[in-house]
Amino acid sequence: MKKYYFLFCIIWFGFGAGLLAQEKKQSGNSAPKMVFKELSFDFGDVVQGEIKSHTFKFKNEGEKPLIIYHVLTSCGCTAVEWPKSPVKPRKSGQIKIIFDSKGKAGRQNKVIQVLSNDPGSPARLKITASVLPKKKP
């Protein structure tokens, strides 16, 4: 009798785990999915004090609206503009990064984290620049 009970429990838990995995798979397919055209950008040489910007373009390849909750930067020298309203399925959006090189010198690596309702959130974007000293007159 214990043998049958044990076998029943194994089958029951296996069946339950299979249903849970199937449910998770289906919800993952219908979830929003933020896909960027590029994940990094190099400004190249920048003279100290210059302000540079770059726009990262993305598409919601999911089946539900994509909501960007917040965008975090690794430095106060980096500002961000992003869509505040949901991005509909199969539609595109953009995130503008503004880098201020004032007070910076040498190689700069900045990370931007995009927090959204995409199950793969946060997305990580990266900008780099080589900040050169101002030319003296």
# chains A, B, ... in the order shown; residues from 1 in each chain; ligands from 1
$ residues_around --residues "segment 47-52 of chain A" --least-positions-apart "5" --cutoff "10 Å" --atoms "only C-alpha atoms" --output "count of residues only"
19
$ residues_around --residues "segment 68-74 of chain A" --least-positions-apart "3" --cutoff "10 Å" --atoms "only C-alpha atoms" --output "number ranges by chain"
A: 34, 65, 77-87, 95, 97, 109-118, 121-126
$ atom_distance --atom1 "atom CA of Cys75 of chain A" --atom2 "atom CA of Phe58 of chain A"
22.6 Å
$ atom_distance --atom1 "atom CA of Lys91 of chain A" --atom2 "atom CA of Lys64 of chain A"
10.7 Å
